[in-house]
>>> print(open('protein.cif').read())   # mmCIF, C-alpha atoms
data_data
#
loop_
_atom_site.label_atom_id
_atom_site.label_comp_id
_atom_site.auth_asym_id
_atom_site.auth_seq_id
_atom_site.Cartn_x
_atom_site.Cartn_y
_atom_site.Cartn_z
CA MET S 1 -16.72 -40.89 22.56
CA LEU S 2 -15.30 -37.68 21.12
CA LYS S 3 -11.68 -37.92 20.05
CA LYS S 4 -9.36 -35.66 22.01
CA ARG S 5 -8.06 -32.42 20.50
CA ILE S 6 -4.68 -30.71 20.80
CA ILE S 7 -5.16 -26.95 20.54
CA PRO S 8 -2.38 -24.33 20.47
CA CYS S 9 -3.37 -20.86 21.66
CA LEU S 10 -2.13 -17.56 20.28
CA ASP S 11 -2.50 -14.79 22.87
CA ILE S 12 -2.21 -11.59 20.84
CA ASN S 13 -1.05 -8.19 22.11
CA ASN S 14 -0.26 -5.37 19.65
CA GLY S 15 -0.10 -7.81 16.76
CA ARG S 16 2.40 -10.16 18.40
CA THR S 17 1.97 -13.51 20.11
CA VAL S 18 2.78 -13.19 23.81
CA LYS S 19 2.81 -15.46 26.83
CA GLY S 20 2.96 -14.82 30.54
CA ILE S 21 2.52 -16.57 33.86
CA ARG S 22 -0.87 -16.30 35.60
CA PHE S 23 -1.87 -13.62 33.06
CA GLU S 24 1.10 -11.36 33.94
CA ASN S 25 4.70 -10.61 32.86
CA LEU S 26 4.06 -11.07 29.15
CA VAL S 27 6.97 -11.94 26.87
CA ASP S 28 7.10 -12.01 23.08
CA ALA S 29 6.56 -15.45 21.53
CA GLY S 30 6.62 -14.65 17.82
CA ASP S 31 4.63 -13.75 14.75
CA PRO S 32 1.05 -15.08 14.96
CA VAL S 33 0.74 -15.93 11.27
CA ALA S 34 4.00 -17.89 11.19
CA LEU S 35 3.08 -19.75 14.38
CA ALA S 36 -0.42 -20.54 13.14
CA LYS S 37 0.94 -21.98 9.90
CA ARG S 38 3.55 -24.02 11.77
CA TYR S 39 0.98 -25.52 14.12
CA MET S 40 -1.31 -26.47 11.27
CA GLU S 41 1.58 -28.19 9.49
CA GLU S 42 2.55 -30.02 12.70
CA GLY S 43 -0.93 -31.48 13.06
CA ALA S 44 -2.76 -29.24 15.52
CA ASP S 45 -6.46 -30.08 15.56
CA GLU S 46 -7.66 -26.53 16.08
CA LEU S 47 -6.25 -23.08 16.79
CA VAL S 48 -7.40 -20.45 19.28
CA PHE S 49 -6.59 -16.75 18.77
CA LEU S 50 -7.25 -14.48 21.75
CA ASP S 51 -6.84 -10.71 21.54
CA ILE S 52 -6.06 -10.55 25.24
CA THR S 53 -6.26 -6.78 25.81
CA ALA S 54 -9.29 -5.97 23.63
CA THR S 55 -11.84 -5.97 26.45
CA HIS S 56 -9.57 -4.19 28.94
CA GLU S 57 -8.80 -1.53 26.31
CA ARG S 58 -12.50 -1.30 25.38
CA ARG S 59 -12.00 -2.06 21.70
CA THR S 60 -12.98 -4.78 19.27
CA THR S 61 -10.84 -7.67 18.06
CA LEU S 62 -8.04 -6.88 15.62
CA THR S 63 -9.79 -8.38 12.61
CA GLU S 64 -6.92 -7.69 10.23
CA TRP S 65 -4.84 -10.21 12.14
CA VAL S 66 -7.74 -12.66 12.18
CA SER S 67 -7.87 -12.44 8.39
CA LEU S 68 -4.14 -13.02 8.03
CA VAL S 69 -4.17 -16.07 10.28
CA ALA S 70 -7.33 -17.50 8.68
CA ALA S 71 -5.74 -17.23 5.24
CA ALA S 72 -2.71 -19.22 6.41
CA ILE S 73 -4.51 -22.24 7.91
CA ASN S 74 -7.18 -24.82 7.09
CA ILE S 75 -8.03 -26.12 10.57
CA PRO S 76 -10.89 -24.93 12.83
CA PHE S 77 -10.10 -21.46 14.10
CA THR S 78 -11.59 -19.90 17.26
CA VAL S 79 -11.24 -16.17 17.89
CA GLY S 80 -11.89 -14.24 21.10
CA GLY S 81 -11.34 -10.84 22.62
CA GLY S 82 -13.57 -7.79 22.37
CA ILE S 83 -16.60 -9.59 20.91
CA HIS S 84 -19.43 -7.75 22.63
CA SER S 85 -22.27 -7.65 20.10
CA LEU S 86 -23.79 -9.46 17.15
CA ALA S 87 -22.19 -6.89 14.87
CA THR S 88 -18.68 -7.53 16.16
CA ALA S 89 -19.34 -11.28 16.08
CA ALA S 90 -20.33 -11.00 12.42
CA ARG S 91 -17.17 -9.04 11.58
CA VAL S 92 -14.97 -11.69 13.19
CA ILE S 93 -16.79 -14.49 11.36
CA GLU S 94 -16.43 -12.56 8.09
CA ALA S 95 -12.71 -12.16 8.80
CA GLY S 96 -12.33 -15.94 8.84
CA ALA S 97 -13.14 -17.30 12.30
CA ASP S 98 -14.97 -20.63 12.51
CA LYS S 99 -15.91 -20.17 16.16
CA LEU S 100 -16.20 -17.23 18.54
CA SER S 101 -14.87 -17.19 22.08
CA ILE S 102 -16.72 -14.82 24.40
CA ASN S 103 -15.87 -14.15 28.02
CA SER S 104 -16.39 -10.80 29.74
CA ALA S 105 -19.18 -9.69 27.42
CA ALA S 106 -21.09 -12.91 28.09
CA LEU S 107 -20.76 -12.40 31.84
CA ALA S 108 -22.09 -8.86 31.51
CA ASN S 109 -24.88 -9.91 29.13
CA PRO S 110 -25.66 -13.65 28.99
CA ASP S 111 -28.19 -12.95 26.23
CA LEU S 112 -25.21 -12.38 23.95
CA ILE S 113 -24.59 -16.14 24.06
CA SER S 114 -28.17 -16.83 23.00
CA ASN S 115 -28.11 -14.16 20.29
CA ILE S 116 -24.88 -15.39 18.71
CA ALA S 117 -26.06 -19.00 18.92
CA ALA S 118 -29.33 -18.09 17.21
CA GLN S 119 -27.53 -16.20 14.46
CA PHE S 120 -24.58 -18.51 13.77
CA GLY S 121 -25.40 -21.79 15.56
CA THR S 122 -24.38 -23.16 18.94
CA GLN S 123 -21.35 -24.82 17.34
CA CYS S 124 -19.94 -21.30 16.78
CA VAL S 125 -20.14 -20.24 20.42
CA THR S 126 -17.31 -21.01 22.83
CA VAL S 127 -17.70 -19.47 26.27
CA ALA S 128 -14.28 -18.88 27.81
CA ILE S 129 -14.11 -19.11 31.59
CA ASP S 130 -11.10 -17.75 33.49
CA THR S 131 -11.17 -19.17 37.00
CA ASP S 132 -8.99 -18.99 40.12
CA TYR S 133 -9.21 -20.75 43.46
CA ILE S 134 -10.15 -18.08 46.00
CA ASP S 135 -11.29 -18.77 49.59
CA GLY S 136 -12.21 -22.37 48.85
CA THR S 137 -14.11 -21.66 45.62
CA TRP S 138 -13.15 -21.64 41.95
CA LYS S 139 -14.32 -18.12 41.15
CA VAL S 140 -14.85 -16.74 37.66
CA PHE S 141 -12.92 -13.61 36.62
CA SER S 142 -13.58 -11.18 33.78
CA HIS S 143 -11.52 -8.56 31.92
CA GLY S 144 -8.52 -10.80 31.33
CA GLY S 145 -8.48 -12.07 34.89
CA ARG S 146 -8.60 -8.59 36.40
CA LYS S 147 -12.12 -8.55 37.92
CA ALA S 148 -13.75 -11.13 40.19
CA THR S 149 -17.39 -11.97 39.49
CA LYS S 150 -20.20 -13.46 41.57
CA TRP S 151 -20.03 -16.76 39.71
CA SER S 152 -18.42 -20.06 40.54
CA ALA S 153 -16.89 -21.83 37.55
CA VAL S 154 -19.37 -24.72 37.67
CA ASP S 155 -22.44 -22.52 38.00
CA TRP S 156 -21.36 -20.21 35.18
CA ALA S 157 -20.60 -23.17 32.89
CA LYS S 158 -24.11 -24.50 33.53
CA ALA S 159 -25.66 -21.10 32.85
CA ALA S 160 -23.62 -20.66 29.67
CA GLU S 161 -24.78 -24.04 28.38
CA GLN S 162 -28.40 -23.13 29.08
CA CYS S 163 -27.94 -19.89 27.12
CA GLY S 164 -26.71 -21.78 24.06
CA ALA S 165 -22.95 -22.19 24.39
CA GLY S 166 -21.61 -25.06 22.31
CA GLU S 167 -18.33 -25.43 24.17
CA ILE S 168 -16.48 -24.22 27.27
CA LEU S 169 -12.84 -23.09 27.26
CA LEU S 170 -11.82 -23.40 30.91
CA THR S 171 -8.60 -21.66 31.92
CA SER S 172 -7.12 -22.15 35.36
CA MET S 173 -5.50 -18.84 36.26
CA GLN S 174 -3.64 -20.68 38.99
CA GLY S 175 -2.01 -22.92 36.41
CA ASP S 176 -1.61 -20.49 33.51
CA GLY S 177 1.97 -20.46 32.23
CA THR S 178 3.34 -22.38 35.21
CA ARG S 179 3.84 -25.75 33.44
CA PHE S 180 2.83 -27.50 36.68
CA GLY S 181 -0.02 -29.42 35.03
CA PHE S 182 -3.69 -28.80 34.34
CA SER S 183 -6.05 -28.12 37.25
CA LEU S 184 -7.71 -31.52 37.10
CA GLU S 185 -10.25 -31.11 39.91
CA ILE S 186 -12.04 -28.06 38.53
CA THR S 187 -11.74 -29.33 34.95
CA GLU S 188 -13.54 -32.53 35.86
CA ALA S 189 -16.09 -30.69 38.02
CA VAL S 190 -17.07 -28.44 35.11
CA ALA S 191 -17.01 -31.22 32.50
CA ALA S 192 -19.15 -33.47 34.70
CA ALA S 193 -21.73 -30.73 35.27
CA ILE S 194 -22.52 -29.97 31.63
CA ASN S 195 -23.28 -31.78 28.38
CA ILE S 196 -21.10 -29.77 25.99
CA PRO S 197 -17.36 -30.21 25.30
CA VAL S 198 -14.79 -28.70 27.64
CA ILE S 199 -11.31 -27.55 26.62
CA ALA S 200 -8.83 -27.59 29.50
CA SER S 201 -6.36 -24.70 29.60
CA GLY S 202 -3.63 -23.51 31.94
CA GLY S 203 -0.63 -25.43 33.23
CA ALA S 204 0.55 -27.79 30.50
CA GLY S 205 4.24 -28.54 30.90
CA ARG S 206 4.85 -32.18 29.91
CA PRO S 207 3.25 -34.75 27.64
CA GLU S 208 2.14 -36.52 30.81
CA ASP S 209 0.00 -33.49 31.70
CA PHE S 210 -2.01 -33.95 28.51
CA ALA S 211 -2.42 -37.65 29.21
CA GLN S 212 -3.64 -36.89 32.73
CA VAL S 213 -6.24 -34.34 31.67
CA PHE S 214 -7.58 -36.74 29.05
CA THR S 215 -7.71 -39.78 31.33
CA GLN S 216 -8.63 -38.17 34.66
CA THR S 217 -11.24 -35.69 33.42
CA ARG S 218 -13.93 -35.58 30.75
CA ALA S 219 -12.24 -32.73 28.88
CA THR S 220 -12.24 -33.35 25.14
CA GLY S 221 -9.62 -30.73 24.28
CA ALA S 222 -6.36 -29.54 25.80
CA LEU S 223 -5.08 -26.06 25.04
CA ALA S 224 -1.51 -24.90 25.55
CA ALA S 225 0.71 -22.04 24.50
CA SER S 226 4.23 -21.67 25.90
CA VAL S 227 5.20 -25.34 25.60
CA PHE S 228 4.44 -25.14 21.87
CA HIS S 229 5.71 -21.59 21.23
CA PHE S 230 9.11 -22.16 22.85
CA GLY S 231 9.68 -25.70 21.60
CA SER S 232 9.34 -27.68 24.83
CA ILE S 233 6.81 -30.02 23.23
CA ALA S 234 6.39 -30.74 19.52
CA ILE S 235 2.83 -31.52 18.49
CA PRO S 236 3.74 -34.62 16.41
CA ASP S 237 5.70 -36.05 19.35
CA LEU S 238 2.85 -35.28 21.74
CA LYS S 239 0.31 -37.02 19.53
CA GLN S 240 2.53 -40.07 19.20
CA TYR S 241 2.94 -40.19 22.98
CA LEU S 242 -0.83 -39.98 23.55
CA LYS S 243 -1.41 -42.75 21.02
CA SER S 244 1.08 -44.91 22.91
CA LYS S 245 -1.13 -44.41 25.99
CA ASN S 246 -4.18 -45.60 24.03
CA ILE S 247 -5.76 -42.15 24.12
CA SER S 248 -8.00 -41.58 21.12
CA ILE S 249 -6.92 -38.38 19.40
CA ARG S 250 -7.74 -36.80 16.06
#
>>> encode(input="protein.cif", output="structure tokens")
Amino acid sequence: MLKKRIIPCLDINNGRTVKGIRFENLVDAGDPVALAKRYMEEGADELVFLDITATHERRTTLTEWVSLVAAAINIPFTVGGGIHSLATAARVIEAGADKLSINSAALANPDLISNIAAQFGTQCVTVAIDTDYIDGTWKVFSHGGRKATKWSAVDWAKAAEQCGAGEILLTSMQGDGTRFGFSLEITEAVAAAINIPVIASGGAGRPEDFAQVFTQTRATGALAASVFHFGSIAIPDLKQYLKSKNISIR
């Protein structure tokens, strides 16, 4: 069984780490390089860096910030936002990313998943899925949660795996920033439907939420932002708590 991973997320806007609630009302959360270094020192297993307005603003990822963060850490580093071609993927890898997170571009062109996987390996390709519960279905949204798509979360996760994705980053828009707990039902539905790792995202508020997502779903990673950025949960304390619950973590 894969050991569970604790993964802080840096949502980047104009070179600053930000955090909102349900993808809106963003507030400043600090310098991304300083936060990245702190999380590495505290024992984070991986780090995710998302340039959250790149796709909406029709630009590529801010690679200068990727380089600065990559130079400050020595843990696996996933970067997303504005990666829409093999060329942009290569630039982000060259800037220091270990893995690439693709979302809207993959929805528009699923071959991009296959192309990146063929070039850099499936282990490099994380497909990010932003999903919200609409009219009885967990629908997939693109463009930073702004545009609904035809896909259900489970069906798109299956399709992404078939195209060569090595991992799914599943964000519940309903839970994002609320600290009400992960959306366990859709997390388990997606994880049960595919054979690649799933990172749960959206809703972490207490150590118990991490324990629940690891014991009640097949997610192998749990991603959070505000609880780490603003000091509600310290990563060393969280890991000690999970160990006390006999949850196998890295």
>>> residues_around(input="protein.cif", residues="Leu50 in chain S", least_positions_apart="5", cutoff="6 Å", atoms="all atoms listed in the file", output="ChimeraX atom specification")
/S:11-12,79-81
>>> resolve_selection(input="protein.cif", expression="the PyMOL selection byres ((chain S and resi 213) around 10)", output="VMD selection string")
chain S and resid 181 to 185 187 to 188 199 to 201 204 208 to 212 214 to 222
>>> atom_distance(input="protein.cif", atom1="CA of Thr131 in chain S", atom2="CA of Asp111 in chain S")
21.1 Å
>>> closest_residue(input="protein.cif", among="S:Gly175, S:Gly145, S:Pro8, S:Pro236", to="Phe77 in chain S", atoms="only C-alpha atoms")
S:Pro8
>>> atom_distance(input="protein.cif", atom1="CA of Gly144 in chain S", atom2="CA of Ser172 in chain S")
12.1 Å
>>> closest_residue(input="protein.cif", among="S:Leu62, S:Leu169, S:Ile247, S:Ala148", to="Ile134 in chain S", atoms="only C-alpha atoms")
S:Ala148
>>> atom_distance(input="protein.cif", atom1="CA of Asn246 in chain S", atom2="CA of Lys4 in chain S")
11.4 Å
>>> residues_near_point(input="protein.cif", point="(-23.8, -31.7, 25.1)", cutoff="9 Å", atoms="all atoms listed in the file", output="PyMOL selection string")
chain S and resi 161+166-167+194-197
>>> resolve_selection(input="protein.cif", expression="the PyMOL selection byres ((chain S and resi 129) around 9)", output="MDAnalysis selection string")
chainID S and resid 102:104 127:128 130:131 140:142 153 156:157 168:172
>>> residues_around(input="protein.cif", residues="Ala105 in chain S", least_positions_apart="6", cutoff="8 Å", atoms="all atoms listed in the file", output="PyMOL selection string")
chain S and resi 82-84+112
>>> closest_residue(input="protein.cif", among="S:Ala165, S:Arg91, S:Ala234, S:Asp132", to="Ile116 in chain S", atoms="all atoms listed in the file")
S:Ala165
>>> closest_residue(input="protein.cif", among="S:Ala89, S:Lys37, S:Asn115, S:Leu100", to="Ile73 in chain S", atoms="only C-alpha atoms")
S:Lys37
>>> axis_aligned_box(input="protein.cif", around="range 192-195 of chain S", padding_each_side="4 Å", output="lines of an AutoDock Vina configuration file")
center_x = -21.2
center_y = -31.7
center_z = 31.8
size_x = 12.1
size_y = 11.5
size_z = 14.9
>>> decode(input="protein.cif", residues="range 54-168 of chain S", atoms="C-alpha atoms", output="JSON list (two decimals), in the first residue's frame")
[["chain", "number", "residue", "atom", "x", "y", "z"],
["S", 54, "ALA", "CA", -2.49, 31.80, -16.08],
["S", 55, "THR", "CA", -5.17, 30.05, -18.13],
["S", 56, "HIS", "CA", -7.83, 32.72, -17.53],
["S", 57, "GLU", "CA", -5.32, 35.41, -18.54],
["S", 58, "ARG", "CA", -4.21, 33.34, -21.54],
["S", 59, "ARG", "CA", -0.54, 33.26, -20.60],
["S", 60, "THR", "CA", 2.02, 30.67, -19.61],
["S", 61, "THR", "CA", 3.20, 29.82, -16.10],
["S", 62, "LEU", "CA", 5.47, 32.31, -14.35],
["S", 63, "THR", "CA", 8.60, 30.22, -14.71],
["S", 64, "GLU", "CA", 10.81, 32.69, -12.86],
["S", 65, "TRP", "CA", 8.87, 31.91, -9.69],
["S", 66, "VAL", "CA", 9.06, 28.19, -10.43],
["S", 67, "SER", "CA", 12.83, 28.49, -10.58],
["S", 68, "LEU", "CA", 13.02, 30.39, -7.30],
["S", 69, "VAL", "CA", 10.87, 27.86, -5.47],
["S", 70, "ALA", "CA", 12.67, 24.87, -7.00],
["S", 71, "ALA", "CA", 16.01, 26.26, -5.86],
["S", 72, "ALA", "CA", 14.75, 26.53, -2.27],
["S", 73, "ILE", "CA", 13.43, 22.97, -1.82],
["S", 74, "ASN", "CA", 14.47, 19.35, -2.27],
["S", 75, "ILE", "CA", 11.07, 17.60, -2.20],
["S", 76, "PRO", "CA", 8.93, 16.62, -5.22],
["S", 77, "PHE", "CA", 7.52, 19.74, -6.81],
["S", 78, "THR", "CA", 4.40, 19.86, -9.01],
["S", 79, "VAL", "CA", 3.64, 22.95, -11.09],
["S", 80, "GLY", "CA", 0.42, 23.87, -12.87],
["S", 81, "GLY", "CA", -1.23, 26.78, -14.61],
["S", 82, "GLY", "CA", -0.96, 27.78, -18.25],
["S", 83, "ILE", "CA", 0.71, 24.56, -19.45],
["S", 84, "HIS", "CA", -0.91, 24.14, -22.85],
["S", 85, "SER", "CA", 1.76, 22.59, -25.08],
["S", 86, "LEU", "CA", 4.83, 20.39, -25.06],
["S", 87, "ALA", "CA", 6.95, 23.52, -25.37],
["S", 88, "THR", "CA", 5.50, 25.14, -22.25],
["S", 89, "ALA", "CA", 5.73, 21.81, -20.43],
["S", 90, "ALA", "CA", 9.42, 21.61, -21.29],
["S", 91, "ARG", "CA", 10.04, 25.16, -20.03],
["S", 92, "VAL", "CA", 8.40, 24.38, -16.69],
["S", 93, "ILE", "CA", 10.40, 21.16, -16.32],
["S", 94, "GLU", "CA", 13.58, 23.07, -17.18],
["S", 95, "ALA", "CA", 12.67, 25.66, -14.54],
["S", 96, "GLY", "CA", 12.72, 22.95, -11.88],
["S", 97, "ALA", "CA", 9.35, 21.20, -11.74],
["S", 98, "ASP", "CA", 9.34, 17.45, -11.09],
["S", 99, "LYS", "CA", 5.73, 17.02, -12.19],
["S", 100, "LEU", "CA", 3.29, 18.99, -14.31],
["S", 101, "SER", "CA", -0.32, 19.65, -13.38],
["S", 102, "ILE", "CA", -2.61, 20.22, -16.35],
["S", 103, "ASN", "CA", -6.29, 21.07, -16.19],
["S", 104, "SER", "CA", -8.08, 23.26, -18.72],
["S", 105, "ALA", "CA", -5.65, 22.51, -21.55],
["S", 106, "ALA", "CA", -6.13, 18.78, -21.04],
["S", 107, "LEU", "CA", -9.90, 19.17, -21.18],
["S", 108, "ALA", "CA", -9.60, 21.12, -24.43],
["S", 109, "ASN", "CA", -7.05, 18.69, -25.89],
["S", 110, "PRO", "CA", -6.76, 15.30, -24.16],
["S", 111, "ASP", "CA", -3.89, 14.42, -26.51],
["S", 112, "LEU", "CA", -1.79, 16.85, -24.49],
["S", 113, "ILE", "CA", -1.82, 14.30, -21.65],
["S", 114, "SER", "CA", -0.55, 11.59, -23.99],
["S", 115, "ASN", "CA", 2.06, 13.85, -25.56],
["S", 116, "ILE", "CA", 3.52, 15.00, -22.23],
["S", 117, "ALA", "CA", 3.47, 11.44, -20.90],
["S", 118, "ALA", "CA", 5.32, 10.21, -23.98],
["S", 119, "GLN", "CA", 7.92, 12.96, -23.69],
["S", 120, "PHE", "CA", 8.52, 13.03, -19.93],
["S", 121, "GLY", "CA", 6.88, 9.87, -18.57],
["S", 122, "THR", "CA", 3.49, 9.25, -16.98],
["S", 123, "GLN", "CA", 4.98, 9.93, -13.55],
["S", 124, "CYS", "CA", 5.36, 13.59, -14.64],
["S", 125, "VAL", "CA", 1.70, 14.09, -15.54],
["S", 126, "THR", "CA", -0.83, 15.11, -12.90],
["S", 127, "VAL", "CA", -4.29, 15.89, -14.25],
["S", 128, "ALA", "CA", -6.03, 18.39, -11.99],
["S", 129, "ILE", "CA", -9.80, 18.11, -11.79],
["S", 130, "ASP", "CA", -11.89, 20.94, -10.34],
["S", 131, "THR", "CA", -15.35, 19.59, -9.58],
["S", 132, "ASP", "CA", -18.58, 20.91, -8.07],
["S", 133, "TYR", "CA", -21.86, 19.22, -7.21],
["S", 134, "ILE", "CA", -24.42, 20.57, -9.67],
["S", 135, "ASP", "CA", -27.92, 19.13, -10.21],
["S", 136, "GLY", "CA", -27.03, 15.79, -8.66],
["S", 137, "THR", "CA", -23.72, 15.34, -10.51],
["S", 138, "TRP", "CA", -20.12, 16.15, -9.69],
["S", 139, "LYS", "CA", -19.36, 18.22, -12.79],
["S", 140, "VAL", "CA", -15.89, 19.15, -13.99],
["S", 141, "PHE", "CA", -15.04, 22.85, -14.42],
["S", 142, "SER", "CA", -12.24, 24.49, -16.39],
["S", 143, "HIS", "CA", -10.57, 27.92, -16.38],
["S", 144, "GLY", "CA", -10.07, 28.09, -12.63],
["S", 145, "GLY", "CA", -13.59, 26.93, -11.88],
["S", 146, "ARG", "CA", -15.20, 29.47, -14.19],
["S", 147, "LYS", "CA", -16.54, 27.22, -16.99],
["S", 148, "ALA", "CA", -18.64, 24.07, -16.70],
["S", 149, "THR", "CA", -17.73, 21.18, -18.99],
["S", 150, "LYS", "CA", -19.61, 18.15, -20.30],
["S", 151, "TRP", "CA", -17.66, 15.79, -18.07],
["S", 152, "SER", "CA", -18.48, 14.17, -14.75],
["S", 153, "ALA", "CA", -15.52, 13.92, -12.39],
["S", 154, "VAL", "CA", -15.43, 10.10, -12.52],
["S", 155, "ASP", "CA", -15.66, 9.90, -16.30],
["S", 156, "TRP", "CA", -12.97, 12.52, -16.84],
["S", 157, "ALA", "CA", -10.64, 10.82, -14.34],
["S", 158, "LYS", "CA", -11.05, 7.55, -16.26],
["S", 159, "ALA", "CA", -10.39, 9.28, -19.58],
["S", 160, "ALA", "CA", -7.33, 11.07, -18.19],
["S", 161, "GLU", "CA", -5.89, 7.79, -16.96],
["S", 162, "GLN", "CA", -6.42, 6.19, -20.37],
["S", 163, "CYS", "CA", -4.59, 9.12, -21.99],
["S", 164, "GLY", "CA", -1.55, 8.58, -19.78],
["S", 165, "ALA", "CA", -2.06, 10.59, -16.60],
["S", 166, "GLY", "CA", 0.03, 9.31, -13.72],
["S", 167, "GLU", "CA", -1.99, 10.96, -10.97],
["S", 168, "ILE", "CA", -5.21, 12.88, -10.35]]
